[in-house]
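Contents: one structure, followed by commentary.
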Amino acid sequence: MTSVLAVRESTVDARRPVRRRAPRRWRHRLTVLSFMAPALIGIAVFFIYPLFAAIYFSFTKFDLLTTPEWVGTRNYVYLFTHDPVAWQAARNTLWFVVVLVPARMIAALLTAMLLTSLKRGGGFFRTIFYLPALAPPVAATIAFVFLFNPATGPVNGFLSLLGIDGPLWFDSPDWSKPSLVLLGTWAVGDLMVIFLAALLDVPKPLYEAASIDGANGWQRFRHITLPALSPVLVFAAVTGVIQTLQYFTQAAVAASVASGTATTGGGVSSTFGYPEQSTLTYPLHLYVSGFRYYDMGYANALAVVLFVVAFAVTLVLLRRFRAFTGGAR
Amino acid sequence: MIRRPTLIAAAALLFAAACAPGTNANQDIAPAGQEAKGTVEFWHFFTDREAKAIDTAIAKFEKDHPDIDVKVTAGQDDAKMLQAISSGKGPDVGLSYSTDIVGKFCASDAWRDLTPYLKRDKVDLEQFPETVRSYTSYQGKRCAMPFLADVYGLYFNKNLLAQAGYAAPPKTMTELADMAKKLTKRAPDGTIDTAGFLPLLNFYEHTPQHTAPAWNAQWLTMDERSAIGTDPNWAAMLKWHKDLVDWYGYDNLQKFTAGLGDEWSADNAFQQGKLAMAIDGEYRVAFLHDQAPGIDFGTAPLPVADDQADRYGAGFVTGNVAGISANSENPEAAWELIRYLTTETDSVVGLANSIKNVPTTKDALASDELEADEQFQTFLDIFANPNTSTTPPNASGPKYVEMTQEFVNGYLSGSSTDLGGGLKDLDGRIDQALDLGR
């Protein structure tokens, strides 16, 4: 029907004089553009301009206070050859991407699957498991650091009852990152509801048919659940990786509180990375470089590299997942 | 019709203009004798009790200067001030908690050069000790005035010392180490119950910055290159700390410090009697009187390296600094406020008494109105000592201090063992990092 109408319209258009076609086309384009304008202006002002400004500043010596001075590739040379802290921060961030993102996805998926299998009280437990996601990240992190305090926290108190000498958690360079992962997997409600909705959309007859064909639990999960969830998994992985590349708040607050000088007047950023730079993420290093050391040009070089890495990782992830889902989506 | 190259050039011009920072200082000043008037926006970082002390001082200022209206904004940190000034706005008067910003704010003209005002109003800078004068100017440009000072010394718990048979605090580092060991009480499993002295250089106020004066360890050379790798005092200072860390056991120290309360809360370890001796600022006297009246404590200068006994009595000093923003719309009234807060004896003494910091002018230090008990007097004496020092201002802020802190943490934890090589490497890295900001 639509195609017939389209053909008729085009036939009518063909009979009209040629000189009248151009203004109409322009009017149509302007109408489309006017509808898109708010979004386009937003993208131009808040994305394209800052992006190009960041690229420009990354080639300058800039401190926010004086006119930027062109220094060529000096900031990039320093980043790649002279700044071991940047590499430490990059390694920490990579660690979070590799561990935190899958851990959150697995925890969310398992919780969602558990909830779908509940016969009674599903609504109640759904609410309970979602609640941590409502806690403000700063408050949740402070609470976690106190809960995991090696000497006074209840977690190590409980472990000692079992005869286990608990670790130093946020005060140990070996345990600080795993402690933040525990915090991340606790507040997994946001992902869980998305997975839950996707799981409830999987047609039940598929499971019944597979069971009749003799498929076991793993086979049903691998060949029915996982493919059905693949768009949601792609979404969770891509957004998770991008968010984790920008991991800031929890690492900053945990370091400040665990260092014992959280309310000092010396500036919160002086405690970033505690203990022994183990929680110093790339965005934290970027912030310190720009706003504590006044090296805004260098901070922009760090930001440009972060953007390129995030863009590349997203592309790779999308391609990998396309291969995983057979290129159907 | 606009040609494409013209369009591109216009866009590039617009982009470059948008990228330029917003500071716009006009250094013309009014002739002498002209009364300042109008509104002054004043940002400071204080909160709660200390913010109320500021409000009281401002109320007195407004009473003395009825033509000037001061709008006070509390809880503003340096990063906010930096962003506000760079965007062409910002306060007329800014108060920073750290001398770290002086190098950058002076060099970039983010804060105005105060010399014309000082000369016009014949303000005598000799009323400030030399160290204070040094941390409020950079490369000959005075863009800041000192607003009270923080002075660091040694606190000791008299009861704990008496139980161990000591009647006086240590004066040398060997004495400090010996006393720390004797004052430490351990549980049967070796964990620490009470520490004599905590040698971790990232615990509370026990940092390389506050401890370096005890060894007279130098940070930068005159041409602002790192002196850490070439000054033998650094190696001596770190070796002393490492020996004491090893005596305690690094893991034991980590476990002990992890269980201690926040430095700024009533659970502070010294206030709880968990530490026999600690390095801290003069403000701790007020905290102790207020939050831990049961602790019988004394104060003393920092112990010094064994071969520098003649330097006993010196310590570390830093302070709050105030300046006039480059964008100030009323610099005359702004200067009047700064002059009042930093040089008027009544104002300086009043603020020192209420905030419990050290006043910075000689008249205020000698004032009968200054409330100084025996414990607080120690810090006034350290402040007056000619060997008392600070970290040199630099255009990259606290970068060199924090890079050193990072190296020291690794050395004390045992993750880096080559002290000499590590310090030399640190020298190179600091120089390269500082070059970025030059």
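Each chain in the structure tokens gets a letter, A, B, ..., in the order shown, and its residues are numbered from 1; ligands are numbered from 1 in order too.
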(request) Mind listing the strand (DSSP E or B) residues of stretch 58-274 of chain A, per DSSP on the backbone, as JSON, numbers by chain? (result) {"A": [60, 61, 69, 70]}
Which residues of chain A come within 7 Å of chain B, and what is each one's closest atom pair and distance in Å (one decimal), counting only C-alpha atoms, sorted by chain and residue number, as JSON lines?
```
{"residue": "A:Leu64", "atom": "CA", "partner": "B:Ser86", "partner_atom": "CA", "distance": 5.5}
{"residue": "A:Leu65", "atom": "CA", "partner": "B:Ser86", "partner_atom": "CA", "distance": 5.1}
{"residue": "A:Thr66", "atom": "CA", "partner": "B:Ser108", "partner_atom": "CA", "distance": 5.9}
{"residue": "A:Thr67", "atom": "CA", "partner": "B:Ala20", "partner_atom": "CA", "distance": 5.6}
{"residue": "A:Asn149", "atom": "CA", "partner": "B:Gly259", "partner_atom": "CA", "distance": 6.4}
{"residue": "A:Pro150", "atom": "CA", "partner": "B:Gly259", "partner_atom": "CA", "distance": 6.3}
{"residue": "A:Ala151", "atom": "CA", "partner": "B:Gly259", "partner_atom": "CA", "distance": 4.5}
{"residue": "A:Thr152", "atom": "CA", "partner": "B:Gly259", "partner_atom": "CA", "distance": 5.8}
{"residue": "A:Leu168", "atom": "CA", "partner": "B:Lys255", "partner_atom": "CA", "distance": 6.5}
{"residue": "A:Asp171", "atom": "CA", "partner": "B:Ala258", "partner_atom": "CA", "distance": 6.3}
{"residue": "A:Gly260", "atom": "CA", "partner": "B:Asp262", "partner_atom": "CA", "distance": 4.5}
{"residue": "A:Thr261", "atom": "CA", "partner": "B:Glu263", "partner_atom": "CA", "distance": 5.5}
{"residue": "A:Thr263", "atom": "CA", "partner": "B:Trp264", "partner_atom": "CA", "distance": 6.5}
{"residue": "A:Thr264", "atom": "CA", "partner": "B:Trp264", "partner_atom": "CA", "distance": 6.9}
{"residue": "A:Gly265", "atom": "CA", "partner": "B:Tyr97", "partner_atom": "CA", "distance": 6.7}
{"residue": "A:Gly266", "atom": "CA", "partner": "B:Tyr97", "partner_atom": "CA", "distance": 6.7}
{"residue": "A:Glu276", "atom": "CA", "partner": "B:Asn409", "partner_atom": "CA", "distance": 6.4}
{"residue": "A:Phe291", "atom": "CA", "partner": "B:Ala79", "partner_atom": "CA", "distance": 5.9}
{"residue": "A:Arg292", "atom": "CA", "partner": "B:Gly397", "partner_atom": "CA", "distance": 6.9}
{"residue": "A:Tyr293", "atom": "CA", "partner": "B:Ser396", "partner_atom": "CA", "distance": 4.9}
{"residue": "A:Tyr294", "atom": "CA", "partner": "B:Ser396", "partner_atom": "CA", "distance": 6.2}
{"residue": "A:Asp295", "atom": "CA", "partner": "B:Gly437", "partner_atom": "CA", "distance": 6.2}
```
Could you write out the selected residues, including N, CA and C atoms, as a PDB file, in the first residue's frame?
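Output saved as again_16.pdb:
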```pdb
ATOM      1  N   LEU A  64      44.683  26.974  31.915  1.00  0.00           N
ATOM      2  CA  LEU A  64      43.365  27.582  32.112  1.00  0.00           C
ATOM      3  C   LEU A  64      43.440  29.085  32.360  1.00  0.00           C
ATOM      4  N   LEU A  65      44.612  29.581  32.727  1.00  0.00           N
ATOM      5  CA  LEU A  65      44.713  30.976  33.149  1.00  0.00           C
ATOM      6  C   LEU A  65      45.402  31.862  32.122  1.00  0.00           C
ATOM      7  N   THR A  66      46.326  31.264  31.381  1.00  0.00           N
ATOM      8  CA  THR A  66      47.047  32.053  30.378  1.00  0.00           C
ATOM      9  C   THR A  66      46.743  31.522  28.978  1.00  0.00           C
ATOM     10  N   THR A  67      47.095  32.300  27.974  1.00  0.00           N
ATOM     11  CA  THR A  67      46.818  31.901  26.595  1.00  0.00           C
ATOM     12  C   THR A  67      47.559  30.609  26.258  1.00  0.00           C
ATOM     13  N   ASN A 149      36.569  -2.296  56.992  1.00  0.00           N
ATOM     14  CA  ASN A 149      37.732  -1.840  57.773  1.00  0.00           C
ATOM     15  C   ASN A 149      38.392  -3.055  58.424  1.00  0.00           C
ATOM     16  N   PRO A 150      39.696  -3.233  58.192  1.00  0.00           N
ATOM     17  CA  PRO A 150      40.357  -4.469  58.653  1.00  0.00           C
ATOM     18  C   PRO A 150      40.307  -4.677  60.164  1.00  0.00           C
ATOM     19  N   ALA A 151      40.308  -3.588  60.923  1.00  0.00           N
ATOM     20  CA  ALA A 151      40.361  -3.751  62.376  1.00  0.00           C
ATOM     21  C   ALA A 151      39.001  -3.612  63.041  1.00  0.00           C
ATOM     22  N   THR A 152      38.171  -2.720  62.516  1.00  0.00           N
ATOM     23  CA  THR A 152      36.909  -2.448  63.209  1.00  0.00           C
ATOM     24  C   THR A 152      35.677  -2.842  62.412  1.00  0.00           C
ATOM     25  N   LEU A 168      43.489  -6.718  54.289  1.00  0.00           N
ATOM     26  CA  LEU A 168      43.395  -5.289  54.628  1.00  0.00           C
ATOM     27  C   LEU A 168      42.423  -4.541  53.707  1.00  0.00           C
ATOM     28  N   ASP A 171      42.858  -0.969  52.308  1.00  0.00           N
ATOM     29  CA  ASP A 171      44.162  -0.466  52.748  1.00  0.00           C
ATOM     30  C   ASP A 171      45.318  -1.261  52.184  1.00  0.00           C
ATOM     31  N   GLY A 260      42.283   7.778  55.680  1.00  0.00           N
ATOM     32  CA  GLY A 260      42.110   8.356  57.020  1.00  0.00           C
ATOM     33  C   GLY A 260      42.183   9.863  57.046  1.00  0.00           C
ATOM     34  N   THR A 261      42.266  10.489  55.875  1.00  0.00           N
ATOM     35  CA  THR A 261      42.321  11.951  55.852  1.00  0.00           C
ATOM     36  C   THR A 261      41.231  12.495  54.942  1.00  0.00           C
ATOM     37  N   THR A 263      38.576  14.255  55.284  1.00  0.00           N
ATOM     38  CA  THR A 263      37.997  15.586  55.397  1.00  0.00           C
ATOM     39  C   THR A 263      39.061  16.663  55.531  1.00  0.00           C
ATOM     40  N   THR A 264      40.255  16.342  55.116  1.00  0.00           N
ATOM     41  CA  THR A 264      41.331  17.332  55.228  1.00  0.00           C
ATOM     42  C   THR A 264      41.080  18.538  54.334  1.00  0.00           C
ATOM     43  N   GLY A 265      41.589  19.663  54.747  1.00  0.00           N
ATOM     44  CA  GLY A 265      41.432  20.863  53.934  1.00  0.00           C
ATOM     45  C   GLY A 265      42.432  20.924  52.799  1.00  0.00           C
ATOM     46  N   GLY A 266      43.295  19.942  52.700  1.00  0.00           N
ATOM     47  CA  GLY A 266      44.351  19.981  51.689  1.00  0.00           C
ATOM     48  C   GLY A 266      43.917  19.580  50.303  1.00  0.00           C
ATOM     49  N   GLU A 276      49.251   3.192  47.664  1.00  0.00           N
ATOM     50  CA  GLU A 276      50.344   2.992  46.705  1.00  0.00           C
ATOM     51  C   GLU A 276      49.879   3.019  45.252  1.00  0.00           C
ATOM     52  N   PHE A 291      43.704  19.811  37.181  1.00  0.00           N
ATOM     53  CA  PHE A 291      43.206  20.739  38.192  1.00  0.00           C
ATOM     54  C   PHE A 291      44.087  20.848  39.432  1.00  0.00           C
ATOM     55  N   ARG A 292      45.036  19.943  39.596  1.00  0.00           N
ATOM     56  CA  ARG A 292      45.911  20.049  40.765  1.00  0.00           C
ATOM     57  C   ARG A 292      47.303  20.526  40.371  1.00  0.00           C
ATOM     58  N   TYR A 293      47.736  20.063  39.165  1.00  0.00           N
ATOM     59  CA  TYR A 293      49.067  20.459  38.712  1.00  0.00           C
ATOM     60  C   TYR A 293      49.007  21.527  37.610  1.00  0.00           C
ATOM     61  N   TYR A 294      47.821  21.939  37.219  1.00  0.00           N
ATOM     62  CA  TYR A 294      47.614  23.003  36.222  1.00  0.00           C
ATOM     63  C   TYR A 294      48.161  22.635  34.837  1.00  0.00           C
ATOM     64  N   ASP A 295      48.397  21.354  34.564  1.00  0.00           N
ATOM     65  CA  ASP A 295      48.859  20.940  33.237  1.00  0.00           C
ATOM     66  C   ASP A 295      47.648  20.578  32.386  1.00  0.00           C
TER      67      ASP A 295
END
```
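With atom CA of B:Ile279 on one side and atom CA of B:Leu154 on the other, the separation reads 4.6 Å.
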(message) Using only C-alpha atoms, which protein or nucleic acid residues come within 9 Å of stretch 186-200 of chain B? Drop anything in the same chain fewer than 6 positions from it, and give the result as a VMD selection string.
(response) chain B and resid 160 176 to 177 179 to 180 206 to 207 240 to 242 244 to 245 248 250 252 to 257 273 to 279 409 412 to 413
Could you please take those selected residues and save N, CA and C atoms as a PDB file, in the first residue's frame?
```pdb
ATOM      1  N   LEU B 160      51.600   8.269  78.803  1.00  0.00           N
ATOM      2  CA  LEU B 160      52.270   7.123  78.178  1.00  0.00           C
ATOM      3  C   LEU B 160      53.791   7.246  78.314  1.00  0.00           C
ATOM      4  N   LEU B 176      64.110   9.623  69.314  1.00  0.00           N
ATOM      5  CA  LEU B 176      62.718   9.362  68.895  1.00  0.00           C
ATOM      6  C   LEU B 176      62.519   7.877  68.576  1.00  0.00           C
ATOM      7  N   ALA B 177      63.466   7.294  67.838  1.00  0.00           N
ATOM      8  CA  ALA B 177      63.343   5.874  67.480  1.00  0.00           C
ATOM      9  C   ALA B 177      63.379   4.998  68.736  1.00  0.00           C
ATOM     10  N   MET B 179      62.637   5.813  71.852  1.00  0.00           N
ATOM     11  CA  MET B 179      61.423   6.009  72.646  1.00  0.00           C
ATOM     12  C   MET B 179      60.218   5.353  71.972  1.00  0.00           C
ATOM     13  N   ALA B 180      60.162   5.460  70.632  1.00  0.00           N
ATOM     14  CA  ALA B 180      59.039   4.861  69.895  1.00  0.00           C
ATOM     15  C   ALA B 180      58.972   3.358  70.165  1.00  0.00           C
ATOM     16  N   HIS B 206      52.002  13.135  59.232  1.00  0.00           N
ATOM     17  CA  HIS B 206      53.386  12.678  59.139  1.00  0.00           C
ATOM     18  C   HIS B 206      53.700  12.395  57.677  1.00  0.00           C
ATOM     19  N   THR B 207      54.173  13.428  56.978  1.00  0.00           N
ATOM     20  CA  THR B 207      54.424  13.346  55.543  1.00  0.00           C
ATOM     21  C   THR B 207      55.849  13.827  55.256  1.00  0.00           C
ATOM     22  N   TRP B 240      66.157   6.304  57.985  1.00  0.00           N
ATOM     23  CA  TRP B 240      65.691   6.302  59.381  1.00  0.00           C
ATOM     24  C   TRP B 240      64.248   5.763  59.452  1.00  0.00           C
ATOM     25  N   HIS B 241      63.419   6.249  58.551  1.00  0.00           N
ATOM     26  CA  HIS B 241      62.019   5.802  58.549  1.00  0.00           C
ATOM     27  C   HIS B 241      61.909   4.318  58.204  1.00  0.00           C
ATOM     28  N   LYS B 242      62.701   3.896  57.213  1.00  0.00           N
ATOM     29  CA  LYS B 242      62.626   2.494  56.768  1.00  0.00           C
ATOM     30  C   LYS B 242      63.038   1.553  57.905  1.00  0.00           C
ATOM     31  N   LEU B 244      62.736   2.020  61.092  1.00  0.00           N
ATOM     32  CA  LEU B 244      61.671   1.933  62.090  1.00  0.00           C
ATOM     33  C   LEU B 244      60.456   1.171  61.542  1.00  0.00           C
ATOM     34  N   VAL B 245      60.165   1.364  60.246  1.00  0.00           N
ATOM     35  CA  VAL B 245      59.066   0.601  59.626  1.00  0.00           C
ATOM     36  C   VAL B 245      59.373  -0.894  59.727  1.00  0.00           C
ATOM     37  N   TYR B 248      58.751  -2.326  63.166  1.00  0.00           N
ATOM     38  CA  TYR B 248      57.333  -2.593  63.431  1.00  0.00           C
ATOM     39  C   TYR B 248      56.810  -3.749  62.565  1.00  0.00           C
ATOM     40  N   TYR B 250      55.923  -3.813  58.209  1.00  0.00           N
ATOM     41  CA  TYR B 250      55.053  -2.965  57.377  1.00  0.00           C
ATOM     42  C   TYR B 250      53.595  -3.418  57.455  1.00  0.00           C
ATOM     43  N   ASN B 252      52.111  -5.017  59.865  1.00  0.00           N
ATOM     44  CA  ASN B 252      51.552  -4.658  61.176  1.00  0.00           C
ATOM     45  C   ASN B 252      51.125  -3.197  61.205  1.00  0.00           C
ATOM     46  N   LEU B 253      51.962  -2.348  60.622  1.00  0.00           N
ATOM     47  CA  LEU B 253      51.638  -0.915  60.598  1.00  0.00           C
ATOM     48  C   LEU B 253      50.389  -0.649  59.764  1.00  0.00           C
ATOM     49  N   GLN B 254      50.317  -1.327  58.616  1.00  0.00           N
ATOM     50  CA  GLN B 254      49.156  -1.133  57.748  1.00  0.00           C
ATOM     51  C   GLN B 254      47.874  -1.557  58.459  1.00  0.00           C
ATOM     52  N   LYS B 255      47.956  -2.691  59.136  1.00  0.00           N
ATOM     53  CA  LYS B 255      46.767  -3.191  59.824  1.00  0.00           C
ATOM     54  C   LYS B 255      46.390  -2.249  60.977  1.00  0.00           C
ATOM     55  N   PHE B 256      47.407  -1.765  61.679  1.00  0.00           N
ATOM     56  CA  PHE B 256      47.145  -0.868  62.809  1.00  0.00           C
ATOM     57  C   PHE B 256      46.529   0.450  62.319  1.00  0.00           C
ATOM     58  N   THR B 257      47.125   1.043  61.287  1.00  0.00           N
ATOM     59  CA  THR B 257      46.625   2.350  60.822  1.00  0.00           C
ATOM     60  C   THR B 257      45.243   2.220  60.182  1.00  0.00           C
ATOM     61  N   GLY B 273      44.493   8.034  72.449  1.00  0.00           N
ATOM     62  CA  GLY B 273      45.550   7.411  73.246  1.00  0.00           C
ATOM     63  C   GLY B 273      46.182   6.205  72.574  1.00  0.00           C
ATOM     64  N   LYS B 274      46.004   6.080  71.251  1.00  0.00           N
ATOM     65  CA  LYS B 274      46.584   4.941  70.523  1.00  0.00           C
ATOM     66  C   LYS B 274      47.995   5.253  70.022  1.00  0.00           C
ATOM     67  N   LEU B 275      48.367   6.513  70.125  1.00  0.00           N
ATOM     68  CA  LEU B 275      49.704   6.945  69.703  1.00  0.00           C
ATOM     69  C   LEU B 275      50.359   7.700  70.844  1.00  0.00           C
ATOM     70  N   ALA B 276      51.604   7.384  71.130  1.00  0.00           N
ATOM     71  CA  ALA B 276      52.289   8.107  72.208  1.00  0.00           C
ATOM     72  C   ALA B 276      52.851   9.433  71.701  1.00  0.00           C
ATOM     73  N   MET B 277      53.307   9.435  70.449  1.00  0.00           N
ATOM     74  CA  MET B 277      53.878  10.665  69.875  1.00  0.00           C
ATOM     75  C   MET B 277      53.415  10.793  68.421  1.00  0.00           C
ATOM     76  N   ALA B 278      53.181  12.021  68.001  1.00  0.00           N
ATOM     77  CA  ALA B 278      52.722  12.239  66.623  1.00  0.00           C
ATOM     78  C   ALA B 278      53.102  13.631  66.165  1.00  0.00           C
ATOM     79  N   ILE B 279      53.325  13.744  64.845  1.00  0.00           N
ATOM     80  CA  ILE B 279      53.565  15.062  64.248  1.00  0.00           C
ATOM     81  C   ILE B 279      52.218  15.654  63.848  1.00  0.00           C
ATOM     82  N   ASN B 409      56.328   6.194  49.598  1.00  0.00           N
ATOM     83  CA  ASN B 409      55.392   5.126  49.958  1.00  0.00           C
ATOM     84  C   ASN B 409      55.891   3.768  49.462  1.00  0.00           C
ATOM     85  N   LEU B 412      59.048   2.642  51.526  1.00  0.00           N
ATOM     86  CA  LEU B 412      58.743   2.167  52.885  1.00  0.00           C
ATOM     87  C   LEU B 412      57.973   0.850  52.869  1.00  0.00           C
ATOM     88  N   SER B 413      57.184   0.629  51.816  1.00  0.00           N
ATOM     89  CA  SER B 413      56.444  -0.637  51.742  1.00  0.00           C
ATOM     90  C   SER B 413      57.342  -1.788  51.319  1.00  0.00           C
TER      91      SER B 413
END
```
(request) Give the answer as one residue: which of A:Val305, A:Ile43, A:Phe321, A:Tyr282 has the shortest atom-to-atom distance to A:Trp87, using only C-alpha atoms? (result) A:Tyr282
(message) I want to know what sits within 8 Å of stretch 341-344 of chain B, based on only C-alpha atoms, with residues of the same chain fewer than 6 positions away left out; could you give that as an MDAnalysis selection string?
(response) chainID B and resid 57 145:148 360:361
Skip B:Trp111 itself and residues of its chain fewer than 4 positions away, then list as a PDB file with N, CA and C atoms, in the first residue's frame all residues within 10 Å of it, counting only C-alpha atoms.
```
ATOM      1  N   THR B  23      40.934  35.697  31.915  1.00  0.00           N
ATOM      2  CA  THR B  23      41.466  36.674  32.854  1.00  0.00           C
ATOM      3  C   THR B  23      41.700  38.009  32.159  1.00  0.00           C
ATOM      4  N   ALA B  25      43.090  41.469  33.694  1.00  0.00           N
ATOM      5  CA  ALA B  25      43.485  42.331  34.799  1.00  0.00           C
ATOM      6  C   ALA B  25      43.824  43.737  34.318  1.00  0.00           C
ATOM      7  N   ILE B  85      37.993  31.793  37.791  1.00  0.00           N
ATOM      8  CA  ILE B  85      38.861  32.868  37.279  1.00  0.00           C
ATOM      9  C   ILE B  85      39.123  32.662  35.789  1.00  0.00           C
ATOM     10  N   ASP B  92      36.207  38.461  43.988  1.00  0.00           N
ATOM     11  CA  ASP B  92      37.169  39.569  44.065  1.00  0.00           C
ATOM     12  C   ASP B  92      38.349  39.140  44.929  1.00  0.00           C
ATOM     13  N   VAL B  93      38.019  38.511  46.069  1.00  0.00           N
ATOM     14  CA  VAL B  93      39.062  38.031  46.974  1.00  0.00           C
ATOM     15  C   VAL B  93      38.906  36.519  47.149  1.00  0.00           C
ATOM     16  N   GLY B  94      39.993  35.804  46.957  1.00  0.00           N
ATOM     17  CA  GLY B  94      39.981  34.360  47.165  1.00  0.00           C
ATOM     18  C   GLY B  94      40.924  33.993  48.296  1.00  0.00           C
ATOM     19  N   VAL B 102      50.257  29.440  44.919  1.00  0.00           N
ATOM     20  CA  VAL B 102      50.887  30.764  44.784  1.00  0.00           C
ATOM     21  C   VAL B 102      51.735  30.847  43.511  1.00  0.00           C
ATOM     22  N   LYS B 104      51.567  29.241  40.619  1.00  0.00           N
ATOM     23  CA  LYS B 104      50.777  29.323  39.391  1.00  0.00           C
ATOM     24  C   LYS B 104      49.987  30.620  39.317  1.00  0.00           C
ATOM     25  N   PHE B 105      49.348  31.016  40.427  1.00  0.00           N
ATOM     26  CA  PHE B 105      48.490  32.197  40.393  1.00  0.00           C
ATOM     27  C   PHE B 105      49.308  33.484  40.234  1.00  0.00           C
ATOM     28  N   CYS B 106      50.542  33.492  40.764  1.00  0.00           N
ATOM     29  CA  CYS B 106      51.402  34.668  40.572  1.00  0.00           C
ATOM     30  C   CYS B 106      51.915  34.699  39.134  1.00  0.00           C
ATOM     31  N   ALA B 107      52.433  33.553  38.671  1.00  0.00           N
ATOM     32  CA  ALA B 107      53.063  33.505  37.345  1.00  0.00           C
ATOM     33  C   ALA B 107      52.066  33.805  36.238  1.00  0.00           C
ATOM     34  N   ARG B 142      54.625  39.588  44.149  1.00  0.00           N
ATOM     35  CA  ARG B 142      53.814  39.322  45.344  1.00  0.00           C
ATOM     36  C   ARG B 142      52.343  39.397  44.954  1.00  0.00           C
ATOM     37  N   CYS B 143      51.709  38.226  44.864  1.00  0.00           N
ATOM     38  CA  CYS B 143      50.295  38.213  44.491  1.00  0.00           C
ATOM     39  C   CYS B 143      49.431  37.728  45.650  1.00  0.00           C
ATOM     40  N   ALA B 144      50.049  37.399  46.786  1.00  0.00           N
ATOM     41  CA  ALA B 144      49.257  36.858  47.898  1.00  0.00           C
ATOM     42  C   ALA B 144      49.716  37.471  49.211  1.00  0.00           C
ATOM     43  N   ALA B 322      45.722  34.746  50.708  1.00  0.00           N
ATOM     44  CA  ALA B 322      44.614  35.486  50.105  1.00  0.00           C
ATOM     45  C   ALA B 322      45.135  36.343  48.968  1.00  0.00           C
ATOM     46  N   GLY B 323      44.329  36.456  47.902  1.00  0.00           N
ATOM     47  CA  GLY B 323      44.734  37.271  46.763  1.00  0.00           C
ATOM     48  C   GLY B 323      43.535  37.903  46.083  1.00  0.00           C
ATOM     49  N   ILE B 324      43.823  38.880  45.219  1.00  0.00           N
ATOM     50  CA  ILE B 324      42.756  39.549  44.464  1.00  0.00           C
ATOM     51  C   ILE B 324      42.710  38.963  43.059  1.00  0.00           C
ATOM     52  N   SER B 325      41.552  38.484  42.668  1.00  0.00           N
ATOM     53  CA  SER B 325      41.392  37.867  41.359  1.00  0.00           C
ATOM     54  C   SER B 325      41.668  38.865  40.241  1.00  0.00           C
ATOM     55  N   ALA B 326      42.216  38.361  39.154  1.00  0.00           N
ATOM     56  CA  ALA B 326      42.479  39.219  37.987  1.00  0.00           C
ATOM     57  C   ALA B 326      41.190  39.841  37.468  1.00  0.00           C
ATOM     58  N   ASN B 327      40.060  39.148  37.655  1.00  0.00           N
ATOM     59  CA  ASN B 327      38.787  39.629  37.128  1.00  0.00           C
ATOM     60  C   ASN B 327      38.021  40.502  38.110  1.00  0.00           C
ATOM     61  N   SER B 328      38.636  40.821  39.225  1.00  0.00           N
ATOM     62  CA  SER B 328      37.915  41.587  40.244  1.00  0.00           C
ATOM     63  C   SER B 328      37.364  42.887  39.651  1.00  0.00           C
TER      64      SER B 328
END
```
(message) Taking the DSSP secondary structure from the backbone, can you list the residues of stretch 39-237 of chain A that are alpha helix (DSSP H), as a PyMOL selection string?
(response) chain A and resi 39-43+49-57+74-81+84-116+122-134+137-147+154-161+176-186+189-201+204-212+217-220+226-237
(message) Ranking A:Ala103, A:Ala90, A:Ile194, A:Phe57 by minimum distance to A:Asn75 and counting only C-alpha atoms, which one comes first?
(response) A:Phe57
(message) Residues within 8 Å of A:Ala236, please, as a list in words. Count only C-alpha atoms; anything in the same chain fewer than 4 positions from it doesn't count.
(response) Met105, Leu191, Val232 and Gly240 of chain A
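Atom pair atom CA of B:Lys185 / atom CA of B:Ala168 has a distance of 19.4 Å (rounded to one decimal).
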